[in-house]
file protein-v8.cif (mmCIF, N, CA and C atoms)
data_target
#
loop_
_atom_site.group_PDB
_atom_site.id
_atom_site.type_symbol
_atom_site.label_atom_id
_atom_site.label_comp_id
_atom_site.auth_asym_id
_atom_site.auth_seq_id
_atom_site.Cartn_x
_atom_site.Cartn_y
_atom_site.Cartn_z
ATOM 1 N N MET A 477 134.045 47.428 41.099
ATOM 2 C CA MET A 477 133.249 46.411 40.433
ATOM 3 C C MET A 477 131.784 46.599 40.818
ATOM 4 N N ILE A 478 130.919 46.117 39.937
ATOM 5 C CA ILE A 478 129.475 46.277 40.106
ATOM 6 C C ILE A 478 128.799 44.912 40.038
ATOM 7 N N LYS A 479 127.819 44.691 40.940
ATOM 8 C CA LYS A 479 126.967 43.498 40.852
ATOM 9 C C LYS A 479 125.597 43.961 40.389
ATOM 10 N N THR A 480 125.143 43.390 39.276
ATOM 11 C CA THR A 480 123.831 43.706 38.728
ATOM 12 C C THR A 480 122.938 42.486 38.921
ATOM 13 N N ILE A 481 121.785 42.715 39.530
ATOM 14 C CA ILE A 481 120.825 41.638 39.790
ATOM 15 C C ILE A 481 119.591 41.894 38.939
ATOM 16 N N ILE A 482 119.238 40.895 38.124
ATOM 17 C CA ILE A 482 118.085 41.019 37.238
ATOM 18 C C ILE A 482 117.040 39.997 37.653
ATOM 19 N N LYS A 483 115.847 40.470 37.979
ATOM 20 C CA LYS A 483 114.721 39.583 38.262
ATOM 21 C C LYS A 483 114.068 39.238 36.923
ATOM 22 N N ILE A 484 113.919 37.929 36.661
ATOM 23 C CA ILE A 484 113.433 37.458 35.363
ATOM 24 C C ILE A 484 112.279 36.477 35.543
ATOM 25 N N ASP A 485 111.253 36.653 34.741
ATOM 26 C CA ASP A 485 110.124 35.726 34.716
ATOM 27 C C ASP A 485 110.234 34.862 33.457
ATOM 28 N N GLY A 486 110.025 33.567 33.614
ATOM 29 C CA GLY A 486 110.006 32.673 32.457
ATOM 30 C C GLY A 486 111.101 31.626 32.433
ATOM 31 N N MET A 487 112.087 31.722 33.338
ATOM 32 C CA MET A 487 113.113 30.675 33.390
ATOM 33 C C MET A 487 112.531 29.467 34.116
ATOM 34 N N MET A 488 112.541 28.307 33.463
ATOM 35 C CA MET A 488 111.919 27.113 34.033
ATOM 36 C C MET A 488 112.900 25.993 34.359
ATOM 37 N N CYS A 489 114.126 26.064 33.815
ATOM 38 C CA CYS A 489 115.048 24.935 33.986
ATOM 39 C C CYS A 489 116.490 25.393 33.780
ATOM 40 N N GLY A 490 117.401 24.468 33.895
ATOM 41 C CA GLY A 490 118.816 24.754 33.705
ATOM 42 C C GLY A 490 119.139 25.231 32.295
ATOM 43 N N MET A 491 118.409 24.741 31.298
ATOM 44 C CA MET A 491 118.639 25.191 29.928
ATOM 45 C C MET A 491 118.236 26.656 29.769
ATOM 46 N N CYS A 492 117.169 27.055 30.444
ATOM 47 C CA CYS A 492 116.759 28.463 30.429
ATOM 48 C C CYS A 492 117.873 29.334 31.034
ATOM 49 N N GLU A 493 118.448 28.862 32.132
ATOM 50 C CA GLU A 493 119.556 29.593 32.759
ATOM 51 C C GLU A 493 120.703 29.765 31.766
ATOM 52 N N ALA A 494 121.027 28.696 31.031
ATOM 53 C CA ALA A 494 122.109 28.744 30.053
ATOM 54 C C ALA A 494 121.793 29.728 28.924
ATOM 55 N N HIS A 495 120.533 29.771 28.476
ATOM 56 C CA HIS A 495 120.136 30.718 27.424
ATOM 57 C C HIS A 495 120.313 32.154 27.902
ATOM 58 N N VAL A 496 119.858 32.447 29.115
ATOM 59 C CA VAL A 496 119.975 33.801 29.659
ATOM 60 C C VAL A 496 121.449 34.167 29.845
ATOM 61 N N ASN A 497 122.241 33.248 30.408
ATOM 62 C CA ASN A 497 123.671 33.513 30.602
ATOM 63 C C ASN A 497 124.345 33.831 29.269
ATOM 64 N N GLY A 498 124.051 33.051 28.246
ATOM 65 C CA GLY A 498 124.638 33.266 26.928
ATOM 66 C C GLY A 498 124.224 34.606 26.324
ATOM 67 N N ALA A 499 122.965 34.969 26.482
ATOM 68 C CA ALA A 499 122.467 36.245 25.955
ATOM 69 C C ALA A 499 123.162 37.416 26.646
ATOM 70 N N VAL A 500 123.331 37.314 27.964
ATOM 71 C CA VAL A 500 123.990 38.382 28.721
ATOM 72 C C VAL A 500 125.453 38.496 28.309
ATOM 73 N N ARG A 501 126.148 37.364 28.230
ATOM 74 C CA ARG A 501 127.572 37.374 27.860
ATOM 75 C C ARG A 501 127.786 37.955 26.458
ATOM 76 N N ALA A 502 126.857 37.695 25.548
ATOM 77 C CA ALA A 502 126.974 38.212 24.183
ATOM 78 C C ALA A 502 126.695 39.711 24.114
ATOM 79 N N ALA A 503 125.929 40.230 25.075
ATOM 80 C CA ALA A 503 125.487 41.626 25.021
ATOM 81 C C ALA A 503 126.400 42.598 25.765
ATOM 82 N N VAL A 504 127.026 42.142 26.851
ATOM 83 C CA VAL A 504 127.818 43.049 27.699
ATOM 84 C C VAL A 504 129.130 42.396 28.111
ATOM 85 N N ALA A 505 130.061 43.226 28.565
ATOM 86 C CA ALA A 505 131.343 42.727 29.082
ATOM 87 C C ALA A 505 131.164 42.372 30.552
ATOM 88 N N ALA A 506 131.036 41.088 30.827
ATOM 89 C CA ALA A 506 130.801 40.620 32.194
ATOM 90 C C ALA A 506 131.957 39.748 32.668
ATOM 91 N N LYS A 507 132.317 39.891 33.940
ATOM 92 C CA LYS A 507 133.329 39.023 34.539
ATOM 93 C C LYS A 507 132.712 37.668 34.897
ATOM 94 N N LYS A 508 131.466 37.710 35.409
ATOM 95 C CA LYS A 508 130.777 36.495 35.837
ATOM 96 C C LYS A 508 129.279 36.672 35.623
ATOM 97 N N VAL A 509 128.635 35.612 35.145
ATOM 98 C CA VAL A 509 127.183 35.607 34.964
ATOM 99 C C VAL A 509 126.650 34.319 35.572
ATOM 100 N N SER A 510 125.651 34.450 36.435
ATOM 101 C CA SER A 510 125.075 33.279 37.089
ATOM 102 C C SER A 510 123.558 33.456 37.181
ATOM 103 N N SER A 511 122.822 32.467 36.672
ATOM 104 C CA SER A 511 121.356 32.524 36.711
ATOM 105 C C SER A 511 120.795 31.401 37.558
ATOM 106 N N SER A 512 119.628 31.652 38.150
ATOM 107 C CA SER A 512 118.920 30.643 38.931
ATOM 108 C C SER A 512 117.444 30.693 38.555
ATOM 109 N N HIS A 513 116.956 29.601 37.946
ATOM 110 C CA HIS A 513 115.536 29.577 37.598
ATOM 111 C C HIS A 513 114.665 29.485 38.846
ATOM 112 N N SER A 514 115.164 28.838 39.905
ATOM 113 C CA SER A 514 114.358 28.714 41.132
ATOM 114 C C SER A 514 114.212 30.054 41.848
ATOM 115 N N LYS A 515 115.230 30.908 41.778
ATOM 116 C CA LYS A 515 115.148 32.250 42.372
ATOM 117 C C LYS A 515 114.549 33.253 41.393
ATOM 118 N N GLY A 516 114.569 32.923 40.105
ATOM 119 C CA GLY A 516 114.073 33.834 39.089
ATOM 120 C C GLY A 516 114.970 35.048 38.926
ATOM 121 N N GLU A 517 116.286 34.815 39.019
ATOM 122 C CA GLU A 517 117.188 35.952 38.884
ATOM 123 C C GLU A 517 118.523 35.582 38.257
ATOM 124 N N THR A 518 119.181 36.605 37.734
ATOM 125 C CA THR A 518 120.518 36.496 37.172
ATOM 126 C C THR A 518 121.396 37.524 37.859
ATOM 127 N N GLU A 519 122.600 37.102 38.265
ATOM 128 C CA GLU A 519 123.574 38.013 38.858
ATOM 129 C C GLU A 519 124.738 38.166 37.892
ATOM 130 N N ILE A 520 125.148 39.411 37.685
ATOM 131 C CA ILE A 520 126.256 39.716 36.785
ATOM 132 C C ILE A 520 127.288 40.530 37.556
ATOM 133 N N ILE A 521 128.547 40.118 37.470
ATOM 134 C CA ILE A 521 129.654 40.880 38.045
ATOM 135 C C ILE A 521 130.399 41.505 36.868
ATOM 136 N N SER A 522 130.604 42.826 36.943
ATOM 137 C CA SER A 522 131.285 43.537 35.858
ATOM 138 C C SER A 522 132.169 44.642 36.430
ATOM 139 N N ASP A 523 133.110 45.094 35.618
ATOM 140 C CA ASP A 523 133.987 46.185 36.043
ATOM 141 C C ASP A 523 133.231 47.502 36.142
ATOM 142 N N ASP A 524 132.314 47.730 35.207
ATOM 143 C CA ASP A 524 131.588 48.993 35.137
ATOM 144 C C ASP A 524 130.088 48.752 35.151
ATOM 145 N N ALA A 525 129.331 49.823 35.383
ATOM 146 C CA ALA A 525 127.873 49.737 35.336
ATOM 147 C C ALA A 525 127.444 49.317 33.928
ATOM 148 N N LEU A 526 126.398 48.517 33.854
ATOM 149 C CA LEU A 526 125.909 47.997 32.577
ATOM 150 C C LEU A 526 124.676 48.772 32.124
ATOM 151 N N ASP A 527 124.479 48.848 30.827
ATOM 152 C CA ASP A 527 123.326 49.523 30.246
ATOM 153 C C ASP A 527 122.087 48.638 30.432
ATOM 154 N N GLU A 528 121.134 49.118 31.225
ATOM 155 C CA GLU A 528 119.939 48.324 31.521
ATOM 156 C C GLU A 528 119.126 48.023 30.267
ATOM 157 N N ASN A 529 119.070 48.958 29.330
ATOM 158 C CA ASN A 529 118.303 48.736 28.098
ATOM 159 C C ASN A 529 118.909 47.620 27.261
ATOM 160 N N VAL A 530 120.246 47.556 27.212
ATOM 161 C CA VAL A 530 120.925 46.499 26.458
ATOM 162 C C VAL A 530 120.639 45.144 27.108
ATOM 163 N N LEU A 531 120.714 45.089 28.438
ATOM 164 C CA LEU A 531 120.429 43.839 29.159
ATOM 165 C C LEU A 531 118.992 43.392 28.923
ATOM 166 N N ARG A 532 118.064 44.312 29.079
ATOM 167 C CA ARG A 532 116.642 43.995 28.909
ATOM 168 C C ARG A 532 116.368 43.455 27.498
ATOM 169 N N GLU A 533 116.913 44.133 26.497
ATOM 170 C CA GLU A 533 116.697 43.719 25.108
ATOM 171 C C GLU A 533 117.292 42.334 24.841
ATOM 172 N N ALA A 534 118.506 42.081 25.342
ATOM 173 C CA ALA A 534 119.178 40.799 25.113
ATOM 174 C C ALA A 534 118.396 39.644 25.733
ATOM 175 N N ILE A 535 117.850 39.849 26.914
ATOM 176 C CA ILE A 535 117.122 38.791 27.624
ATOM 177 C C ILE A 535 115.720 38.601 27.052
ATOM 178 N N GLU A 536 115.038 39.697 26.772
ATOM 179 C CA GLU A 536 113.648 39.595 26.323
ATOM 180 C C GLU A 536 113.522 39.100 24.883
ATOM 181 N N LYS A 537 114.579 39.232 24.068
ATOM 182 C CA LYS A 537 114.488 38.732 22.688
ATOM 183 C C LYS A 537 114.396 37.206 22.666
ATOM 184 N N ASP A 538 114.821 36.554 23.769
ATOM 185 C CA ASP A 538 114.729 35.095 23.870
ATOM 186 C C ASP A 538 113.434 34.636 24.536
ATOM 187 N N GLY A 539 112.517 35.577 24.811
ATOM 188 C CA GLY A 539 111.207 35.206 25.324
ATOM 189 C C GLY A 539 111.040 35.288 26.833
ATOM 190 N N TYR A 540 112.041 35.780 27.538
ATOM 191 C CA TYR A 540 111.936 35.946 28.988
ATOM 192 C C TYR A 540 111.489 37.368 29.304
ATOM 193 N N LYS A 541 110.945 37.580 30.485
ATOM 194 C CA LYS A 541 110.444 38.899 30.884
ATOM 195 C C LYS A 541 111.305 39.447 32.015
ATOM 196 N N VAL A 542 111.937 40.597 31.781
ATOM 197 C CA VAL A 542 112.736 41.261 32.814
ATOM 198 C C VAL A 542 111.783 42.042 33.704
ATOM 199 N N LEU A 543 111.796 41.724 35.001
ATOM 200 C CA LEU A 543 110.908 42.377 35.954
ATOM 201 C C LEU A 543 111.573 43.553 36.659
ATOM 202 N N ASP A 544 112.889 43.423 36.939
ATOM 203 C CA ASP A 544 113.584 44.468 37.694
ATOM 204 C C ASP A 544 115.089 44.322 37.484
ATOM 205 N N ILE A 545 115.791 45.450 37.484
ATOM 206 C CA ILE A 545 117.248 45.447 37.385
ATOM 207 C C ILE A 545 117.794 46.359 38.473
ATOM 208 N N THR A 546 118.708 45.817 39.295
ATOM 209 C CA THR A 546 119.319 46.564 40.388
ATOM 210 C C THR A 546 120.834 46.411 40.315
ATOM 211 N N SER A 547 121.554 47.511 40.538
ATOM 212 C CA SER A 547 123.012 47.457 40.556
ATOM 213 C C SER A 547 123.524 47.979 41.888
ATOM 214 N N VAL A 548 124.525 47.271 42.437
ATOM 215 C CA VAL A 548 125.138 47.665 43.709
ATOM 216 C C VAL A 548 126.654 47.495 43.599
ATOM 217 N N PRO A 549 127.408 48.254 44.379
ATOM 218 C CA PRO A 549 128.868 48.041 44.390
ATOM 219 C C PRO A 549 129.177 46.620 44.855
ATOM 220 N N TYR A 550 130.251 46.060 44.321
ATOM 221 C CA TYR A 550 130.640 44.685 44.644
ATOM 222 C C TYR A 550 132.111 44.649 45.013
ATOM 223 N N GLU A 551 132.399 44.014 46.145
ATOM 224 C CA GLU A 551 133.780 43.792 46.555
ATOM 225 C C GLU A 551 134.012 42.303 46.660
ATOM 226 N N LYS A 552 135.012 41.837 45.943
ATOM 227 C CA LYS A 552 135.357 40.418 45.993
ATOM 228 C C LYS A 552 135.889 40.100 47.380
ATOM 229 N N LYS A 553 135.355 39.049 47.972
ATOM 230 C CA LYS A 553 135.807 38.639 49.302
ATOM 231 C C LYS A 553 136.969 37.674 49.167
ATOM 232 N N GLY A 554 137.878 37.773 50.096
ATOM 233 C CA GLY A 554 139.039 36.892 50.099
ATOM 234 C C GLY A 554 138.743 35.577 50.789
ATOM 235 N N LEU A 555 139.761 34.881 51.171
ATOM 236 C CA LEU A 555 139.661 33.590 51.830
ATOM 237 C C LEU A 555 138.806 33.680 53.091
ATOM 238 N N PHE A 556 137.824 32.815 53.211
ATOM 239 C CA PHE A 556 136.933 32.738 54.377
ATOM 240 C C PHE A 556 136.199 34.035 54.644
ATOM 241 N N GLY A 557 135.877 34.777 53.574
ATOM 242 C CA GLY A 557 135.083 35.983 53.728
ATOM 243 C C GLY A 557 135.860 37.210 54.153
ATOM 244 N N ARG A 558 137.167 37.070 54.355
ATOM 245 C CA ARG A 558 137.972 38.238 54.707
ATOM 246 C C ARG A 558 138.352 39.004 53.464
ATOM 247 N N LYS A 559 138.582 40.288 53.641
ATOM 248 C CA LYS A 559 138.989 41.121 52.501
ATOM 249 C C LYS A 559 140.484 41.166 52.394
#

call {"tool": "encode", "arguments": {"input": "protein-v8.cif", "output": "structure tokens"}}
result
Amino acid sequence: MIKTIIKIDGMMCGMCEAHVNGAVRAAVAAKKVSSSHSKGETEIISDDALDENVLREAIEKDGYKVLDITSVPYEKKGLFGRK
């Protein structure tokens, strides 16, 4: 599994988070999408690496600015942080 972290400029509230989450879900196959306007980022958990150009286009068409995209391996943690 892969965790993709997108730094985004322009999210101001919970509705902005919902718009970004919806745009990401419509554009790529994601297991989980979570945005935070206070952190200015969106985290996506997916089975495979995601196309950065597709993500950027989906988010920026709604008026937000993608600043950075980073992907790292992701391991789901079990109960109390154990694997």

call {"tool": "residues_around", "arguments": {"input": "protein-v8.cif", "residues": "region 545-547 of chain A", "least_positions_apart": "2", "cutoff": "8 Å", "atoms": "only C-alpha atoms", "output": "list in words"}}
result
Ile478, Lys479, Thr480, Ile481, Ile482, Lys483, Ala525, Glu528, Val542, Leu543 and Pro549 of chain A

call {"tool": "select_by_dssp", "arguments": {"input": "protein-v8.cif", "residues": "chain A", "states": "helix (DSSP H, G or I)", "output": "ChimeraX atom specification"}}
result
/A:490-503,528-536,555-557

call {"tool": "closest_residue", "arguments": {"input": "protein-v8.cif", "among": "A:Lys507, A:Asn529, A:Glu517, A:Asp524", "to": "Asp485 (chain A)", "atoms": "all atoms listed in the file"}}
result
A:Glu517

call {"tool": "atom_distance", "arguments": {"input": "protein-v8.cif", "atom1": "atom N of Gly486 (chain A)", "atom2": "atom C of Ala502 (chain A)"}}
result
20.1 Å

call {"tool": "residues_around", "arguments": {"input": "protein-v8.cif", "residues": "Ser510 (chain A)", "least_positions_apart": "5", "cutoff": "6 Å", "atoms": "all atoms listed in the file", "output": "list of chain:residue names"}}
result
A:Glu517, A:Thr518, A:Glu519, A:Ile520

call {"tool": "resolve_selection", "arguments": {"input": "protein-v8.cif", "expression": "the PyMOL selection byres (((chain A and resi 492-498 and name CA) around 7) and name CA)", "output": "PyMOL selection string"}}
result
chain A and resi 487-491+499-502+509-513+535

call {"tool": "select_by_dssp", "arguments": {"input": "protein-v8.cif", "residues": "region 483-536 of chain A", "states": "strand (DSSP E or B)", "output": "list in words"}}
result
Lys483, Ile484, Asp485, Lys508, Val509, Ser510, Ser511, Ser512, Glu517, Thr518, Glu519, Ile520, Ile521 and Ser522 of chain A

call {"tool": "axis_aligned_box", "arguments": {"input": "protein-v8.cif", "around": "region 484-495 of chain A", "padding_each_side": "6 Å", "output": "JSON"}}
result
{"center_x": 116.1, "center_y": 31.2, "center_z": 32.0, "size_x": 24.1, "size_y": 25.5, "size_z": 21.2}

call {"tool": "atom_distance", "arguments": {"input": "protein-v8.cif", "atom1": "atom C of Lys553 (chain A)", "atom2": "atom N of Lys515 (chain A)"}}
result
23.9 Å

call {"tool": "closest_residue", "arguments": {"input": "protein-v8.cif", "among": "A:Lys541, A:Lys552, A:Ala534, A:Lys508", "to": "Ser522 (chain A)", "atoms": "only N, CA and C atoms"}}
result
A:Lys508

call {"tool": "closest_residue", "arguments": {"input": "protein-v8.cif", "among": "A:Arg532, A:Val548, A:Ile521, A:Gly516", "to": "Ile484 (chain A)", "atoms": "only C-alpha atoms"}}
result
A:Gly516

call {"tool": "atom_distance", "arguments": {"input": "protein-v8.cif", "atom1": "CA of Glu551 (chain A)", "atom2": "CA of Ser514 (chain A)"}}
result
25.2 Å

call {"tool": "residues_around", "arguments": {"input": "protein-v8.cif", "residues": "Val530 (chain A)", "least_positions_apart": "3", "cutoff": "8 Å", "atoms": "only C-alpha atoms", "output": "PyMOL selection string"}}
result
chain A and resi 503-504+527+533-534

call {"tool": "decode", "arguments": {"input": "protein-v8.cif", "residues": "region 491-516 of chain A", "atoms": "N, CA and C atoms", "output": "compact mmCIF listing (two decimals), in the first residue's frame"}}
result
# COMPACT_ATOMS: atom_id res chain seq x y z
N MET A 491 -15.67 22.58 4.20
CA MET A 491 -16.27 22.39 2.88
C MET A 491 -15.18 22.26 1.81
N CYS A 492 -14.11 23.02 1.96
CA CYS A 492 -12.98 22.90 1.04
C CYS A 492 -12.39 21.49 1.12
N GLU A 493 -12.25 20.98 2.34
CA GLU A 493 -11.75 19.62 2.53
C GLU A 493 -12.64 18.62 1.79
N ALA A 494 -13.96 18.79 1.91
CA ALA A 494 -14.90 17.90 1.25
C ALA A 494 -14.78 17.98 -0.27
N HIS A 495 -14.58 19.19 -0.81
CA HIS A 495 -14.41 19.36 -2.26
C HIS A 495 -13.16 18.62 -2.74
N VAL A 496 -12.05 18.79 -2.03
CA VAL A 496 -10.81 18.13 -2.41
C VAL A 496 -10.96 16.61 -2.30
N ASN A 497 -11.54 16.13 -1.20
CA ASN A 497 -11.74 14.69 -1.03
C ASN A 497 -12.57 14.12 -2.18
N GLY A 498 -13.64 14.80 -2.54
CA GLY A 498 -14.50 14.35 -3.63
C GLY A 498 -13.78 14.33 -4.97
N ALA A 499 -12.98 15.35 -5.23
CA ALA A 499 -12.22 15.42 -6.49
C ALA A 499 -11.21 14.28 -6.57
N VAL A 500 -10.54 13.99 -5.46
CA VAL A 500 -9.55 12.91 -5.43
C VAL A 500 -10.24 11.56 -5.64
N ARG A 501 -11.34 11.33 -4.92
CA ARG A 501 -12.06 10.05 -5.04
C ARG A 501 -12.58 9.83 -6.46
N ALA A 502 -12.99 10.89 -7.13
CA ALA A 502 -13.50 10.78 -8.50
C ALA A 502 -12.38 10.51 -9.50
N ALA A 503 -11.16 10.92 -9.17
CA ALA A 503 -10.04 10.84 -10.12
C ALA A 503 -9.23 9.55 -10.01
N VAL A 504 -9.11 9.00 -8.81
CA VAL A 504 -8.23 7.83 -8.60
C VAL A 504 -8.90 6.80 -7.71
N ALA A 505 -8.37 5.58 -7.74
CA ALA A 505 -8.86 4.51 -6.87
C ALA A 505 -8.15 4.61 -5.53
N ALA A 506 -8.85 5.15 -4.54
CA ALA A 506 -8.26 5.36 -3.22
C ALA A 506 -9.00 4.54 -2.17
N LYS A 507 -8.25 4.00 -1.22
CA LYS A 507 -8.86 3.29 -0.09
C LYS A 507 -9.38 4.30 0.94
N LYS A 508 -8.60 5.37 1.15
CA LYS A 508 -8.95 6.39 2.14
C LYS A 508 -8.43 7.74 1.68
N VAL A 509 -9.24 8.77 1.87
CA VAL A 509 -8.84 10.14 1.55
C VAL A 509 -9.20 11.02 2.74
N SER A 510 -8.22 11.78 3.21
CA SER A 510 -8.45 12.65 4.36
C SER A 510 -7.73 13.98 4.13
N SER A 511 -8.48 15.08 4.25
CA SER A 511 -7.90 16.41 4.06
C SER A 511 -7.98 17.22 5.33
N SER A 512 -7.02 18.14 5.50
CA SER A 512 -7.01 19.05 6.63
C SER A 512 -6.68 20.45 6.12
N HIS A 513 -7.65 21.37 6.25
CA HIS A 513 -7.38 22.74 5.81
C HIS A 513 -6.38 23.42 6.73
N SER A 514 -6.36 23.05 8.02
CA SER A 514 -5.42 23.69 8.95
C SER A 514 -3.98 23.26 8.68
N LYS A 515 -3.78 22.02 8.23
CA LYS A 515 -2.44 21.54 7.87
C LYS A 515 -2.11 21.87 6.41
N GLY A 516 -3.14 22.13 5.61
CA GLY A 516 -2.94 22.39 4.20
C GLY A 516 -2.49 21.15 3.44
